[in-house]
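In what follows, a structure is listed as structure tokens, so that the remarks can point back to it.
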Amino acid sequence: MTARFETGNSGTAAPIGADGRHKPLVILGCSPLVFGLVVLLLALIVPPTIYLIQTSLYTTIFDGSFGAVTTKYYTELISNPRFLTNLINTTIYAVGSASIAIVIGVAQAWIVERTNTPLRQYMFLIAILSLGIPHVLYTISWLLILGKSGPINDLYRFLSGSEGVLVNVYSMWGMILVEGFTWGPLAFLLLSSVFRSADASFEEASMMSGATIAKTFTNITMKLAMPAILALILLIIIRAFESFEVPALVGMPGGVNVLTTDIFEAIHVSLPANYGQAGAFSVVLLLLVVVMLRYYNKLSRHAERYQTITGKGFRPRVMDMGKYKWVTTGLLVLFFVMLIILPIGIVLLASLQPFYERVGIAAFTNMTLDNYRAVFSSSSFTDSVGNTLILGVATATSTAALTGLFAWLAVRRFKGAWLLDQLATLPLVFPAIVMGVAFMQVFLNLPFAFYGTLLSVILASMVRYLPYGMRYSYAGVLQIHTELEEASAVSGARQFATFVRIVMPLIAPAMMVCWLFVFLLSVRAVAMAILLVGPNSQIVAVTLFDLWENGQTAELAAMGFTWMAFMTMISAVFYLIARRYGLTIR
């Protein structure tokens, strides 16, 4: 009997049985394409995990190879009182940061989505533009504002006649404030859709019963949004547990250490580098994040209990604030000044000084562009900018391309494609600095020189941001009805041609937003890159970190402001495209 073939889910020829029924080619429960992609993901994710665990369980020889099996790193970790102290510090820091970010995010989201406050429509653009400010630069800007010679403490001394300080930024409270401010705009973006989708009839019924706006907000609005708020609080706590910039720049100078700075010190401060201790710290931090993510997913799954949108006359109306609208407008302006204008303003002022001391009359009379001339004539600046652009473009392109294919296969339920979704989301459990340690061990143990190259940073960054790419790609594919692909198949097109000519053009807006978002994240992060870059692969975020450590504040400000202006334009493009196609932003 002559065998007949048709195109199967894998895009390759698949046999047709004697009964005429389609028999797609399957390898270990997966179509061939899915199987190949699963192997690729495993090759990217499994080795760093194995090397991370191995580093914590083996003595490390000076040349980077592994010696005998040992548990001394975990024993030293648990028996050292510093570990418990730093774990408590990490918890206080994470919970405090989440509290501040939630207060800012809830206030902004409620005003923008549930009231008729003037100017509220501009808050989305402002929040998106804040993504263009690198974490390192944003943290440093608050150190300049709240430092001993910063304008806040100078004003306090002027008004009180005291020689002390109002705010000691190099403290636990300083860390909490700066990290909370960093998360404020993102908390607003994540909560805006929650308040936007709330059924106004509940609030109207409350106010018609005589309740004030404040009571309605407390008893109705907040309670309906509580599952989303709790989930976001836990998410920010998780991310604060793994944050590095604020603990390194604010906490370490003030003697406040957390788990991420312990990992950094074990590699960059200890002589020789204590990779075993760094590995043990990393594994413990990884397990803590896994446990918290488990509770986060459980909390997110129970959010449907508070759903208020049904098929019966839902109307997303807003409340008339009346005479109080100017109060809410004032709050929005305050948030804008506090979270955007002050940080950007202090960086701009510092960049125009021969050497930065403080904000005063002399600062405005001694302005110069010499720092910008020095920055633009510096080969280190141009090299770091070029490396950063290559890193951002390469990471965003590879992530968007892979997750677009992963999402299509998963949504269309190709055999075994659920594994792609799970594996692509797995890097989310790795804190950035832990992933940096893991990939560093992999690259150091390769038989060829790869550690310290720009390609090594790109590869690690691509794995790091796969979960974020999946979020946008999955949403884009879900918007495409299967009948379009079915019509293509009926016309005789193979599945690969259907994907290229039908699916890809339709998901292009989602892919563009995915590309821009991953680009913004990859070029502003420092926690992972600082462990992987070499002399010839420096990027802007790491260069800013090094300039601050070397006390070159004015040069740092000029370089940071230049980069921030460029990234702000990228953020604006991200906002316009996302708004045009209704992807996550109104």
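A note on labels: chains of the structure tokens are A, B, ... as shown, every chain counts residues from 1, and ligands are counted from 1 in their shown order.
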Which parts of region 54-155 of chain A does DSSP call helix (DSSP H, G or I) when run on the backbone here, written out as a VMD selection string?
chain A and resid 54 to 57 72 to 79 81 to 114 120 to 132 135 to 146 151 to 155
Restrict the calculation to only C-alpha atoms, then for each residue of region 96-181 of chain A with any atom at most 10 Å from an atom of region 208-223 of chain A give the closest atom pair and their distance in Å to one decimal, rows by chain and rising residue number, as JSON lines.
```
{"residue": "A:Val106", "atom": "CA", "partner": "A:Met222", "partner_atom": "CA", "distance": 8.9}
{"residue": "A:Trp110", "atom": "CA", "partner": "A:Thr221", "partner_atom": "CA", "distance": 8.7}
{"residue": "A:Arg114", "atom": "CA", "partner": "A:Thr221", "partner_atom": "CA", "distance": 9.2}
```
Can you tell me how far CA of Phe376 (chain A) sits from CA of Thr453 (chain A), in Å to one decimal?
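Between these atoms lies a distance of 23.8 Å.
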Could you list, with a cut-off of 10 Å and counting only C-alpha atoms, the residues of region 286-392 of chain A near region 548-564 of chain A, each shown with its nearest atom pair and the distance in Å rounded to one decimal, rows sorted by chain and ascending number, as a tab-separated table?
```
residue	atom	partner	partner_atom	distance
A:Ile344	CA	A:Phe561	CA	7.8
A:Gly345	CA	A:Phe561	CA	9.7
A:Ile346	CA	A:Ala557	CA	8.8
A:Val347	CA	A:Ala557	CA	5.3
A:Leu348	CA	A:Phe561	CA	6.4
A:Leu349	CA	A:Ala557	CA	8.3
A:Ala350	CA	A:Ala554	CA	5.5
A:Ser351	CA	A:Ala558	CA	4.4
A:Leu352	CA	A:Ala554	CA	7.4
A:Gln353	CA	A:Ala554	CA	6.4
A:Pro354	CA	A:Ala554	CA	7.0
A:Phe355	CA	A:Ala554	CA	5.6
A:Tyr356	CA	A:Ala554	CA	5.8
A:Glu357	CA	A:Thr553	CA	9.3
A:Leu369	CA	A:Ala558	CA	8.8
A:Asp370	CA	A:Glu555	CA	9.2
A:Asn371	CA	A:Glu555	CA	5.5
A:Tyr372	CA	A:Ala558	CA	5.5
A:Arg373	CA	A:Ala558	CA	9.2
A:Ala374	CA	A:Glu555	CA	7.7
A:Val375	CA	A:Met559	CA	6.2
A:Phe376	CA	A:Met559	CA	8.4
A:Phe381	CA	A:Met559	CA	7.5
A:Val385	CA	A:Trp563	CA	8.2
```
Requested write-out: C-alpha atoms of the selected residues, as a compact mmCIF listing (two decimals), in the first residue's frame:
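Now in result.txt:
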```
# COMPACT_ATOMS: atom_id res chain seq x y z
CA ILE A 344 15.17 64.19 36.96
CA GLY A 345 15.77 67.75 38.15
CA ILE A 346 18.51 66.85 40.63
CA VAL A 347 20.31 64.74 38.00
CA LEU A 348 20.15 67.58 35.46
CA LEU A 349 21.44 70.10 38.01
CA ALA A 350 24.29 67.82 39.06
CA SER A 351 25.26 67.26 35.43
CA LEU A 352 25.74 71.01 34.94
CA GLN A 353 28.14 71.49 37.89
CA PRO A 354 31.96 71.42 37.67
CA PHE A 355 31.74 69.13 40.72
CA TYR A 356 28.54 68.45 42.63
CA GLU A 357 28.22 69.63 46.23
CA LEU A 369 28.57 71.85 29.86
CA ASP A 370 32.05 70.46 30.45
CA ASN A 371 30.68 67.21 31.87
CA TYR A 372 28.70 66.58 28.70
CA ARG A 373 31.76 67.35 26.56
CA ALA A 374 33.83 64.95 28.64
CA VAL A 375 31.17 62.25 28.42
CA PHE A 376 30.70 62.48 24.66
CA PHE A 381 30.81 56.17 27.33
CA VAL A 385 26.19 52.95 25.02
```
Counting only C-alpha atoms, the option among A:Asp383, A:Glu242, A:Glu486, A:Asp262 closest to Gln538 (chain A):
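Closest to Gln538 (chain A) of all the choices is A:Asp383.
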Pick from A:Ser99, A:Met338, A:Phe364, A:Trp326 nearest to Leu232 (chain A), counting only C-alpha atoms
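Smallest distance to Leu232 (chain A) is found for A:Ser99.
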Need the shell around Thr329 (chain A): protein/DNA/RNA residues with any atom at most 9 Å away, counting only C-alpha atoms. Skip same-chain ones fewer than 3 positions apart. Format as number ranges by chain?
A: 111, 117-120, 324-326, 332-334
Write out as a count of residues only each polymer residue whose atoms come within 10 Å of region 159-171 of chain A, counting only C-alpha atoms; drop sequence neighbours fewer than 4 positions from it.
26
Please list as JSON, numbers by chain every residue within 6 Å of region 49-53 of chain A, counting only C-alpha atoms and excluding residues in the same chain fewer than 2 positions away.
{"A": [46, 47, 55, 56, 279, 438]}
Export, as a PDB file, in the first residue's frame, the selected residues with N, CA and C atoms.
```
ATOM      1  N   VAL A  46      18.444  24.499  32.491  1.00  0.00           N
ATOM      2  CA  VAL A  46      18.916  23.445  33.398  1.00  0.00           C
ATOM      3  C   VAL A  46      20.386  23.613  33.799  1.00  0.00           C
ATOM      4  N   PRO A  47      21.329  23.861  32.868  1.00  0.00           N
ATOM      5  CA  PRO A  47      22.737  23.980  33.283  1.00  0.00           C
ATOM      6  C   PRO A  47      22.988  25.051  34.344  1.00  0.00           C
ATOM      7  N   THR A  55      27.736  24.533  42.921  1.00  0.00           N
ATOM      8  CA  THR A  55      28.643  25.506  43.537  1.00  0.00           C
ATOM      9  C   THR A  55      28.465  25.547  45.046  1.00  0.00           C
ATOM     10  N   SER A  56      27.221  25.379  45.502  1.00  0.00           N
ATOM     11  CA  SER A  56      26.949  25.450  46.935  1.00  0.00           C
ATOM     12  C   SER A  56      27.277  24.160  47.669  1.00  0.00           C
ATOM     13  N   GLY A 279      26.914  30.722  46.295  1.00  0.00           N
ATOM     14  CA  GLY A 279      25.973  29.716  45.819  1.00  0.00           C
ATOM     15  C   GLY A 279      24.968  29.324  46.891  1.00  0.00           C
ATOM     16  N   ALA A 438      24.361  31.948  38.764  1.00  0.00           N
ATOM     17  CA  ALA A 438      24.205  30.671  38.065  1.00  0.00           C
ATOM     18  C   ALA A 438      24.875  30.696  36.697  1.00  0.00           C
TER      19      ALA A 438
END
```
Pick the closest to Val437 (chain A) from A:Val283, A:Leu506, A:Met319, A:Ala127: which is it, counting only C-alpha atoms?
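Ranking A:Val283, A:Leu506, A:Met319, A:Ala127 by distance to Val437 (chain A), first place goes to A:Val283.
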Distance criterion (only C-alpha atoms): nearest to Phe264 (chain A) out of A:Leu40, A:Val434, A:Leu224, A:Ile237
A:Val434
Do you know which residues are at most 10 Å from Trp408 (chain A) counting only C-alpha atoms, after dropping those on the same chain fewer than 5 positions away, and could you put them as a PDB file with C-alpha atoms, in the first residue's frame?
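Listed below is the output, result-v5.pdb:
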```pdb
ATOM      1  CA  THR A 403       7.988  33.747  22.888  1.00  0.00           C
ATOM      2  CA  ARG A 413      -2.543  23.276  21.881  1.00  0.00           C
ATOM      3  CA  PHE A 414       0.144  21.553  19.864  1.00  0.00           C
ATOM      4  CA  ALA A 417       3.299  22.749  23.895  1.00  0.00           C
ATOM      5  CA  SER A 473       2.910  37.144  23.229  1.00  0.00           C
ATOM      6  CA  TYR A 474       0.270  34.931  24.824  1.00  0.00           C
ATOM      7  CA  GLY A 476      -1.533  38.691  21.360  1.00  0.00           C
ATOM      8  CA  VAL A 477      -2.139  35.144  20.104  1.00  0.00           C
ATOM      9  CA  LEU A 478      -5.318  34.784  22.171  1.00  0.00           C
ATOM     10  CA  ILE A 480      -6.599  35.728  16.902  1.00  0.00           C
ATOM     11  CA  PHE A 499       2.283  31.216  10.858  1.00  0.00           C
ATOM     12  CA  VAL A 503      -0.280  34.808  12.448  1.00  0.00           C
ATOM     13  CA  MET A 504       2.853  36.958  12.575  1.00  0.00           C
ATOM     14  CA  ILE A 507       0.348  39.529  16.410  1.00  0.00           C
TER      15      ILE A 507
END
```
Please measure the separation of CA of Glu204 (chain A) and CA of Ala228 (chain A), giving the value in Å to one decimal.
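Between CA of Glu204 (chain A) and CA of Ala228 (chain A) the gap is 21.6 Å.
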Just the residues within 12 Å of Ala508 (chain A), please, counting only C-alpha atoms, with nothing from its chain fewer than 2 positions along; format it as a ChimeraX atom specification.
/A:400-401,404,472-473,475-477,479-480,499-506,510-515,577-578,581,583
Which of these residues is nearest to Arg580 (chain A), using only C-alpha atoms: A:Pro535, A:Gly276, A:Pro509, A:Gly492?
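Distance minimum relative to Arg580 (chain A) lands on A:Pro509.
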Kindly indicate which residue among A:Ser193, A:Ser456, A:Asn366, A:Thr139 lies nearest to Gln108 (chain A), using only C-alpha atoms for the distances.
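Smallest distance to Gln108 (chain A) is found for A:Ser193.
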